[in-house]
>>> print(open('structure_8.txt').read())   # compact mmCIF, C-alpha atoms and all ligand atoms
# COMPACT_ATOMS: atom_id res chain seq x y z
CA MET R 20 -9.13 -24.90 39.81
CA TYR R 21 -6.20 -26.05 37.73
CA THR R 22 -4.04 -23.56 35.79
CA ALA R 23 -2.61 -24.81 32.50
CA ARG R 24 0.06 -22.82 30.71
CA ASP R 25 0.65 -25.23 27.85
CA ILE R 26 -1.54 -26.99 25.31
CA ALA R 27 -0.24 -30.46 26.24
CA SER R 28 -1.48 -30.29 29.85
CA LEU R 29 -4.78 -28.77 28.73
CA ARG R 30 -5.22 -31.76 26.41
CA VAL R 31 -4.47 -34.26 29.21
CA ARG R 32 -7.40 -32.83 31.24
CA ARG R 33 -9.61 -32.63 28.18
CA ARG R 34 -9.04 -36.32 27.44
CA GLU R 35 -9.86 -37.28 31.06
CA TRP R 36 -13.11 -35.33 30.88
CA ALA R 37 -14.01 -36.90 27.54
CA ALA R 38 -13.37 -40.35 29.03
CA ALA R 39 -15.68 -39.47 31.94
CA GLY R 40 -18.37 -38.33 29.48
CA LEU R 41 -18.36 -34.74 30.77
CA LYS R 42 -19.65 -31.84 28.71
CA VAL R 43 -17.05 -29.07 28.40
CA GLY R 44 -17.74 -25.33 28.21
CA LEU R 45 -15.23 -22.68 27.11
CA VAL R 46 -15.23 -18.99 28.01
CA PRO R 47 -12.57 -17.22 25.91
CA THR R 48 -11.29 -14.02 27.55
CA MET R 49 -8.43 -11.55 27.60
CA GLY R 50 -8.57 -11.36 31.41
CA PHE R 51 -8.93 -8.53 33.94
CA PHE R 52 -12.21 -10.05 34.95
CA HIS R 53 -15.32 -8.10 35.83
CA GLU R 54 -18.89 -9.16 36.53
CA GLY R 55 -19.49 -9.52 32.76
CA HIS R 56 -16.83 -12.24 32.44
CA LEU R 57 -17.97 -13.94 35.64
CA ALA R 58 -21.55 -14.11 34.33
CA LEU R 59 -20.25 -15.94 31.22
CA MET R 60 -18.37 -18.40 33.44
CA ARG R 61 -21.43 -19.02 35.63
CA ARG R 62 -23.52 -19.63 32.51
CA ALA R 63 -20.96 -22.15 31.23
CA ARG R 64 -21.02 -23.76 34.69
CA GLU R 65 -24.82 -24.17 34.49
CA LEU R 66 -24.57 -25.80 31.07
CA CYS R 67 -21.50 -28.00 31.42
CA GLY R 68 -19.81 -30.51 33.71
CA ARG R 69 -16.43 -28.83 33.22
CA VAL R 70 -15.56 -25.21 32.44
CA VAL R 71 -12.37 -23.95 30.79
CA VAL R 72 -11.63 -20.22 30.88
CA SER R 73 -8.92 -19.08 28.51
CA LEU R 74 -6.98 -15.94 29.33
CA PHE R 75 -4.83 -14.62 26.53
CA VAL R 76 -4.30 -11.02 25.44
CA ASN R 77 -4.19 -11.84 21.76
CA PRO R 78 -1.63 -9.60 20.03
CA ILE R 79 -2.88 -10.29 16.51
CA GLN R 80 -6.27 -8.69 17.16
CA PHE R 81 -4.71 -5.34 18.14
CA GLY R 82 -3.80 -2.80 15.47
CA PRO R 83 -0.80 -0.46 15.50
CA GLY R 84 -1.29 2.27 18.11
CA GLU R 85 -3.96 0.28 19.98
CA ASP R 86 -3.76 -0.66 23.67
CA LEU R 87 -1.97 -4.05 23.50
CA ALA R 88 0.88 -2.95 25.79
CA SER R 89 -1.35 -1.19 28.32
CA TYR R 90 -4.21 -3.73 28.31
CA PRO R 91 -4.98 -4.29 32.03
CA ARG R 92 -3.63 -7.50 33.51
CA ASP R 93 -3.93 -9.07 37.00
CA LEU R 94 -3.47 -12.82 36.88
CA ASP R 95 -3.63 -13.50 40.64
CA ARG R 96 -6.93 -11.67 41.01
CA ASP R 97 -8.30 -13.29 37.82
CA ARG R 98 -7.35 -16.75 39.10
CA GLU R 99 -9.33 -16.22 42.32
CA LEU R 100 -12.35 -14.78 40.53
CA ALA R 101 -12.48 -17.55 37.93
CA ALA R 102 -12.24 -20.25 40.60
CA ALA R 103 -15.07 -18.61 42.58
CA ALA R 104 -17.21 -18.42 39.43
CA GLY R 105 -16.87 -22.18 38.94
CA ALA R 106 -14.07 -22.56 36.38
CA ASP R 107 -12.29 -25.93 36.50
CA LEU R 108 -9.32 -24.94 34.39
CA LEU R 109 -7.75 -21.58 33.62
CA PHE R 110 -5.77 -21.80 30.38
CA VAL R 111 -3.10 -19.06 30.33
CA PRO R 112 -0.84 -19.68 27.35
CA SER R 113 2.17 -17.48 26.65
CA GLU R 114 2.51 -15.81 23.27
CA GLU R 115 5.17 -18.43 22.35
CA GLU R 116 2.76 -21.24 23.26
CA MET R 117 -0.02 -19.75 21.12
CA TYR R 118 2.11 -18.61 18.19
CA PRO R 119 5.35 -20.64 18.33
CA ALA R 120 6.33 -19.65 14.80
CA GLY R 121 5.53 -15.96 15.37
CA PRO R 122 2.44 -14.24 14.02
CA PRO R 123 0.49 -16.98 12.21
CA SER R 124 0.69 -16.98 8.43
CA THR R 125 -2.52 -19.02 8.19
CA ARG R 126 -5.49 -17.02 9.44
CA VAL R 127 -9.25 -17.30 9.57
CA VAL R 128 -10.50 -14.34 7.54
CA PRO R 129 -14.17 -13.59 8.12
CA GLY R 130 -16.32 -12.30 5.26
CA GLU R 131 -18.59 -9.31 4.71
CA MET R 132 -19.80 -8.97 8.32
CA ALA R 133 -16.28 -8.08 9.44
CA SER R 134 -16.10 -4.98 7.27
CA ALA R 135 -19.07 -3.28 9.01
CA LEU R 136 -19.09 -1.36 12.33
CA CYS R 137 -15.82 -1.88 14.27
CA GLY R 138 -14.25 -3.60 11.24
CA ARG R 139 -14.14 -0.23 9.41
CA PHE R 140 -12.03 1.29 12.19
CA ARG R 141 -10.01 -1.74 13.24
CA PRO R 142 -8.74 -3.38 10.03
CA GLY R 143 -7.66 -6.98 10.61
CA HIS R 144 -9.15 -7.07 14.11
CA PHE R 145 -11.70 -9.78 13.37
CA ASP R 146 -9.12 -11.89 11.47
CA GLY R 147 -7.16 -11.89 14.73
CA VAL R 148 -10.23 -12.73 16.80
CA CYS R 149 -11.39 -15.56 14.50
CA THR R 150 -7.88 -17.01 14.25
CA VAL R 151 -7.38 -17.18 18.01
CA VAL R 152 -10.93 -18.43 18.69
CA ALA R 153 -10.52 -21.15 16.03
CA LYS R 154 -7.22 -22.17 17.66
CA LEU R 155 -8.89 -22.24 21.11
CA PHE R 156 -11.72 -24.38 19.72
CA ASN R 157 -9.13 -26.82 18.33
CA MET R 158 -7.19 -26.89 21.60
CA VAL R 159 -10.09 -27.14 24.06
CA GLN R 160 -12.63 -28.90 21.81
CA PRO R 161 -15.50 -27.44 23.81
CA ASP R 162 -19.09 -28.64 23.44
CA VAL R 163 -20.28 -25.13 24.28
CA ALA R 164 -18.62 -21.69 24.14
CA VAL R 165 -20.10 -18.64 25.84
CA PHE R 166 -19.65 -15.09 24.48
CA GLY R 167 -21.07 -11.74 25.62
CA ARG R 168 -23.57 -9.80 23.53
CA LYS R 169 -21.70 -6.61 24.31
CA ASP R 170 -19.35 -7.62 21.48
CA PHE R 171 -22.32 -8.22 19.19
CA GLN R 172 -20.32 -8.09 15.96
CA GLN R 173 -17.71 -10.50 17.33
CA LEU R 174 -20.49 -12.88 18.39
CA ALA R 175 -22.18 -12.73 14.96
CA ILE R 176 -18.86 -13.32 13.15
CA ILE R 177 -17.94 -16.26 15.41
CA ARG R 178 -21.37 -17.85 14.92
CA ARG R 179 -20.84 -17.56 11.17
CA MET R 180 -17.31 -19.00 11.42
CA VAL R 181 -18.66 -22.00 13.35
CA ARG R 182 -21.29 -22.60 10.65
CA ASP R 183 -18.91 -22.04 7.75
CA LEU R 184 -16.10 -24.23 9.13
CA ASP R 185 -18.22 -26.89 10.91
CA PHE R 186 -16.80 -26.48 14.40
CA PRO R 187 -18.77 -28.93 16.58
CA VAL R 188 -19.49 -26.31 19.24
CA GLU R 189 -22.68 -24.62 20.38
CA ILE R 190 -22.31 -20.84 20.72
CA ILE R 191 -24.22 -19.33 23.64
CA ALA R 192 -24.82 -15.57 23.78
CA HIS R 193 -25.00 -13.93 27.20
CA PRO R 194 -26.72 -10.55 27.78
CA THR R 195 -24.53 -7.53 28.44
CA VAL R 196 -23.84 -6.97 32.13
CA ARG R 197 -24.11 -3.32 33.15
CA GLU R 198 -23.12 -1.00 35.98
CA PRO R 199 -26.06 0.46 37.96
CA ASP R 200 -26.06 3.58 35.73
CA GLY R 201 -26.20 1.41 32.59
CA LEU R 202 -22.56 1.55 31.43
CA ALA R 203 -21.67 -1.81 29.87
CA MET R 204 -18.98 -3.60 31.86
CA SER R 205 -15.64 -3.74 30.08
CA SER R 206 -12.03 -4.25 31.12
CA ARG R 207 -11.32 -0.97 29.32
CA ASN R 208 -13.57 0.96 31.74
CA SER R 209 -10.57 0.85 34.09
CA TYR R 210 -8.86 3.41 31.79
CA LEU R 211 -11.53 6.06 32.50
CA SER R 212 -10.77 9.02 34.81
CA PRO R 213 -13.59 9.97 37.24
CA ASP R 214 -14.82 12.71 34.84
CA GLU R 215 -14.69 10.36 31.87
CA ARG R 216 -16.47 7.66 33.85
CA GLU R 217 -19.36 10.09 34.49
CA GLN R 218 -19.60 10.95 30.81
CA ALA R 219 -19.30 7.33 29.66
CA VAL R 220 -23.07 7.02 30.28
CA CYS R 221 -23.51 8.86 26.97
CA LEU R 222 -23.61 5.51 25.14
CA VAL R 223 -26.43 4.06 27.21
CA GLU R 224 -28.24 7.42 27.21
CA GLY R 225 -28.05 7.42 23.40
CA MET R 226 -29.47 3.90 23.31
CA ARG R 227 -32.27 4.82 25.73
CA LEU R 228 -33.21 7.79 23.55
CA ALA R 229 -33.27 5.66 20.38
CA LYS R 230 -35.46 3.06 22.05
CA ARG R 231 -37.88 5.72 23.28
CA LEU R 232 -38.14 7.24 19.80
CA TYR R 233 -38.56 3.79 18.25
CA ASN R 234 -41.31 2.92 20.74
CA GLU R 235 -43.02 6.21 19.89
CA GLY R 236 -43.09 5.12 16.24
CA GLU R 237 -39.94 6.63 14.72
CA ARG R 238 -38.69 4.34 11.93
CA SER R 239 -36.27 6.56 10.03
CA CYS R 240 -32.75 5.35 10.75
CA GLY R 241 -31.37 8.67 9.53
CA ARG R 242 -33.40 10.51 12.17
CA LEU R 243 -32.55 7.98 14.91
CA ARG R 244 -28.84 8.22 14.09
CA GLN R 245 -29.01 12.01 14.10
CA GLU R 246 -30.79 12.17 17.49
CA VAL R 247 -28.38 9.73 19.12
CA SER R 248 -25.34 11.48 17.64
CA SER R 249 -26.48 14.90 18.80
CA LEU R 250 -27.16 13.60 22.34
CA ILE R 251 -23.67 12.06 22.53
CA SER R 252 -22.03 15.16 21.04
CA GLY R 253 -23.43 17.11 23.99
CA TYR R 254 -20.93 15.31 26.27
CA PRO R 255 -17.69 17.32 25.98
CA LEU R 256 -15.34 14.34 26.58
CA ALA R 257 -17.09 12.08 24.03
CA ARG R 258 -16.02 11.68 20.41
CA ILE R 259 -18.19 9.48 18.19
CA GLU R 260 -16.47 6.85 16.06
CA TYR R 261 -19.74 5.47 14.71
CA VAL R 262 -23.46 5.38 15.43
CA GLU R 263 -24.98 2.77 13.11
CA LEU R 264 -28.34 1.09 12.61
CA VAL R 265 -27.97 -2.34 11.04
CA ASP R 266 -29.90 -5.55 10.62
CA SER R 267 -28.97 -7.68 13.63
CA ARG R 268 -28.79 -10.86 11.50
CA SER R 269 -26.61 -9.63 8.62
CA LEU R 270 -25.10 -6.42 10.11
CA ALA R 271 -26.06 -4.70 6.84
CA PRO R 272 -27.14 -1.04 7.17
CA VAL R 273 -30.90 -0.38 7.20
CA GLU R 274 -32.92 2.70 6.26
CA ARG R 275 -36.17 1.82 8.03
CA ALA R 276 -35.97 0.39 11.53
CA ASP R 277 -37.89 -2.74 12.52
CA ASP R 278 -37.80 -5.22 15.40
CA HIS R 279 -34.53 -6.73 14.11
CA THR R 280 -32.69 -3.42 13.99
CA LEU R 281 -29.55 -3.14 16.05
CA LEU R 282 -28.17 0.19 17.19
CA ALA R 283 -24.39 -0.15 17.55
CA LEU R 284 -22.09 2.54 18.88
CA ALA R 285 -18.39 3.16 19.27
CA VAL R 286 -17.44 6.31 21.16
CA ARG R 287 -14.13 7.54 22.52
CA VAL R 288 -14.49 9.01 25.98
CA GLY R 289 -11.20 10.78 26.53
CA SER R 290 -8.84 8.32 24.86
CA THR R 291 -10.83 5.20 25.83
CA ARG R 292 -12.76 3.50 23.07
CA LEU R 293 -16.10 2.15 24.31
CA ILE R 294 -18.63 0.10 22.34
CA ASP R 295 -22.22 -0.87 23.07
CA ASN R 296 -25.30 -2.05 21.23
CA THR R 297 -28.96 -2.82 21.60
CA ILE R 298 -31.81 -4.15 19.50
CA LEU R 299 -34.22 -1.21 19.43
CA ALA R 300 -37.25 -3.36 20.17
CA ASP R 301 -35.70 -5.13 23.18
CA ARG R 302 -36.37 -4.03 26.75
CA ASP R 303 -32.83 -4.76 27.86
CA LEU R 304 -31.61 -1.53 29.48
CA PRO R 305 -31.85 -0.49 33.14
O1 LIG W 401 -13.81 -10.78 23.53
C1 LIG W 401 -12.60 -10.98 23.84
O2 LIG W 401 -12.19 -10.81 24.97
C2 LIG W 401 -11.64 -11.45 22.76
O3 LIG W 401 -11.92 -10.85 21.52
C3 LIG W 401 -11.60 -12.98 22.62
C4 LIG W 401 -12.92 -13.56 22.15
C5 LIG W 401 -11.20 -13.60 23.94
C6 LIG W 401 -10.55 -13.38 21.58
O4 LIG W 401 -9.27 -12.94 21.94
>>> encode(input="structure_8.txt", output="structure tokens")
Amino acid sequence: MYTARDIASLRVRRREWAAAGLKVGLVPTMGFFHEGHLALMRRARELCGRVVVSLFVNPIQFGPGEDLASYPRDLDRDRELAAAAGADLLFVPSEEEMYPAGPPSTRVVPGEMASALCGRFRPGHFDGVCTVVAKLFNMVQPDVAVFGRKDFQQLAIIRRMVRDLDFPVEIIAHPTVREPDGLAMSSRNSYLSPDEREQAVCLVEGMRLAKRLYNEGERSCGRLRQEVSSLISGYPLARIEYVELVDSRSLAPVERADDHTLLALAVRVGSTRLIDNTILADRDLP
């Protein structure tokens, strides 16, 4: 696996692959790889002749007081894991390489969908995500890009950006990869103390409860939200940021649940912010 730190050498490889007629997949990441990232890389590997993994902790998607400085990093370990998962090129740009003129004054600002869910609590976050993903698409020019469904809102916003701005890239969604007890894998899980780690199952327990109630015929989103919230509130280290039921296509709030309804959660366990989601009708939880 080749490691590129600058856009020029990335482009040299990209041109060689284009000349050889190879399909190129991109997996954008912020590093500190876990099984969830590796599953995205393996999926890209199945679909494409060449796989680029980008690793960049993107400062412009972090708000003041968020975990930019403490975001976990381990490049040597990440390099080994990415190579074993089938990546051909690890793109690790510095902040100066990505934003040579400082924070970019031209940004991709997503519409309505970005003001729901996490957007309410992380103003500007999705502008930062869309801007860096658009830059990565321009740099790598992938045929395919693979994103995890754990960041459902991010995935929906990026799909919309691709449609709105005509990026010639196919977006592939990969199911959330979970620990044996159901906790969604996340680089931020490394912040959890042993007690917090035990209580972090409150998100998946809330989702299991909502699915059971939905399968038993409950359709009132108010009632579902209330049941999930009261289950999570029973975990002393958990503090709910939001428990929302939205239409999975538009992310607009819904009153009556149906097979398109997405339950999305953000919960702080100790000081770690965890998110998760599920479509109520799907049988996707262990
Ligand atoms: O999901 C992430 O890790 C980041 O938001 C992404 C897509 C790599 C953009 O920085």
>>> atom_distance(input="structure_8.txt", atom1="atom CA of R:Pro47", atom2="atom CA of R:Val71")
8.3 Å
>>> residues_near_ligand(input="structure_8.txt", ligand="ligand LIG 401 (chain W)", cutoff="7 Å", atoms="all atoms listed in the file", output="number ranges by chain")
R: 47-49, 75-77, 148, 151-152, 170
>>> closest_residue(input="structure_8.txt", among="R:Ala153, R:Leu232, R:Leu211, R:Met204", to="R:His53", atoms="only C-alpha atoms")
R:Met204
>>> atom_distance(input="structure_8.txt", atom1="atom CA of R:Asp183", atom2="atom CA of R:Gly130")
10.4 Å
>>> atom_distance(input="structure_8.txt", atom1="atom CA of R:Ala283", atom2="atom CA of R:Arg268")
13.1 Å
>>> residues_around(input="structure_8.txt", residues="R:Arg33", least_positions_apart="2", cutoff="10 Å", atoms="all atoms listed in the file", output="list in words")
Ala27, Ser28, Leu29, Arg30, Val31, Glu35, Trp36, Ala37, Ala38, Ala39, Leu41, Val43, Arg69, Val71, Leu108, Met158, Val159, Gln160 and Pro161 of chain R
>>> closest_residue(input="structure_8.txt", among="R:Ile190, R:Gln173, R:Val111, R:Gln80", to="R:Gly147", atoms="only C-alpha atoms")
R:Gln80
>>> residues_around(input="structure_8.txt", residues="R:Arg258", least_positions_apart="5", cutoff="8 Å", atoms="all atoms listed in the file", output="count of residues only")
6
>>> decode(input="structure_8.txt", residues="stretch 197-254 of chain R", atoms="C-alpha atoms", output="mmCIF file, in the first residue's frame")
data_model
loop_
_atom_site.group_PDB
_atom_site.id
_atom_site.type_symbol
_atom_site.label_atom_id
_atom_site.label_comp_id
_atom_site.auth_asym_id
_atom_site.auth_seq_id
_atom_site.Cartn_x
_atom_site.Cartn_y
_atom_site.Cartn_z
ATOM 1 C CA ARG R 197 -21.548 -3.534 16.048
ATOM 2 C CA GLU R 198 -19.813 -4.962 19.093
ATOM 3 C CA PRO R 199 -21.235 -8.303 20.339
ATOM 4 C CA ASP R 200 -23.509 -6.448 22.813
ATOM 5 C CA GLY R 201 -24.846 -4.231 20.015
ATOM 6 C CA LEU R 202 -22.889 -1.002 20.622
ATOM 7 C CA ALA R 203 -22.164 0.611 17.250
ATOM 8 C CA MET R 204 -18.444 0.729 16.536
ATOM 9 C CA SER R 205 -16.994 4.229 16.677
ATOM 10 C CA SER R 206 -13.544 5.717 17.158
ATOM 11 C CA ARG R 207 -15.076 7.703 20.019
ATOM 12 C CA ASN R 208 -15.874 4.488 21.951
ATOM 13 C CA SER R 209 -12.198 4.606 22.981
ATOM 14 C CA TYR R 210 -13.078 7.576 25.250
ATOM 15 C CA LEU R 211 -15.421 5.440 27.397
ATOM 16 C CA SER R 212 -14.355 4.286 30.886
ATOM 17 C CA PRO R 213 -15.267 0.655 31.770
ATOM 18 C CA ASP R 214 -18.446 1.829 33.587
ATOM 19 C CA GLU R 215 -19.430 4.089 30.715
ATOM 20 C CA ARG R 216 -18.752 1.307 28.221
ATOM 21 C CA GLU R 217 -21.232 -0.921 30.097
ATOM 22 C CA GLN R 218 -23.883 1.786 30.044
ATOM 23 C CA ALA R 219 -23.272 2.700 26.394
ATOM 24 C CA VAL R 220 -25.595 -0.201 25.473
ATOM 25 C CA CYS R 221 -28.465 2.132 26.400
ATOM 26 C CA LEU R 222 -28.636 3.327 22.775
ATOM 27 C CA VAL R 223 -29.051 -0.132 21.283
ATOM 28 C CA GLU R 224 -31.390 -1.143 24.123
ATOM 29 C CA GLY R 225 -33.544 1.899 23.299
ATOM 30 C CA MET R 226 -33.599 0.904 19.634
ATOM 31 C CA ARG R 227 -34.488 -2.706 20.490
ATOM 32 C CA LEU R 228 -37.384 -1.504 22.641
ATOM 33 C CA ALA R 229 -38.700 0.799 19.889
ATOM 34 C CA LYS R 230 -38.541 -2.003 17.339
ATOM 35 C CA ARG R 231 -40.390 -4.377 19.664
ATOM 36 C CA LEU R 232 -43.133 -1.805 20.283
ATOM 37 C CA TYR R 233 -43.344 -1.041 16.556
ATOM 38 C CA ASN R 234 -43.627 -4.746 15.733
ATOM 39 C CA GLU R 235 -46.384 -5.049 18.328
ATOM 40 C CA GLY R 236 -48.303 -2.341 16.459
ATOM 41 C CA GLU R 237 -47.334 0.909 18.197
ATOM 42 C CA ARG R 238 -47.406 3.749 15.636
ATOM 43 C CA SER R 239 -47.421 6.853 17.817
ATOM 44 C CA CYS R 240 -44.012 8.501 17.538
ATOM 45 C CA GLY R 241 -44.718 10.465 20.716
ATOM 46 C CA ARG R 242 -45.183 7.219 22.646
ATOM 47 C CA LEU R 243 -42.152 5.550 21.020
ATOM 48 C CA ARG R 244 -39.970 8.569 21.819
ATOM 49 C CA GLN R 245 -41.220 8.618 25.401
ATOM 50 C CA GLU R 246 -40.551 4.890 25.954
ATOM 51 C CA VAL R 247 -37.052 5.068 24.482
ATOM 52 C CA SER R 248 -36.216 8.226 26.432
ATOM 53 C CA SER R 249 -37.378 6.764 29.718
ATOM 54 C CA LEU R 250 -35.371 3.560 29.138
ATOM 55 C CA ILE R 251 -32.211 5.574 28.421
ATOM 56 C CA SER R 252 -32.819 7.905 31.371
ATOM 57 C CA GLY R 253 -32.664 4.830 33.610
ATOM 58 C CA TYR R 254 -28.902 4.609 32.905
#
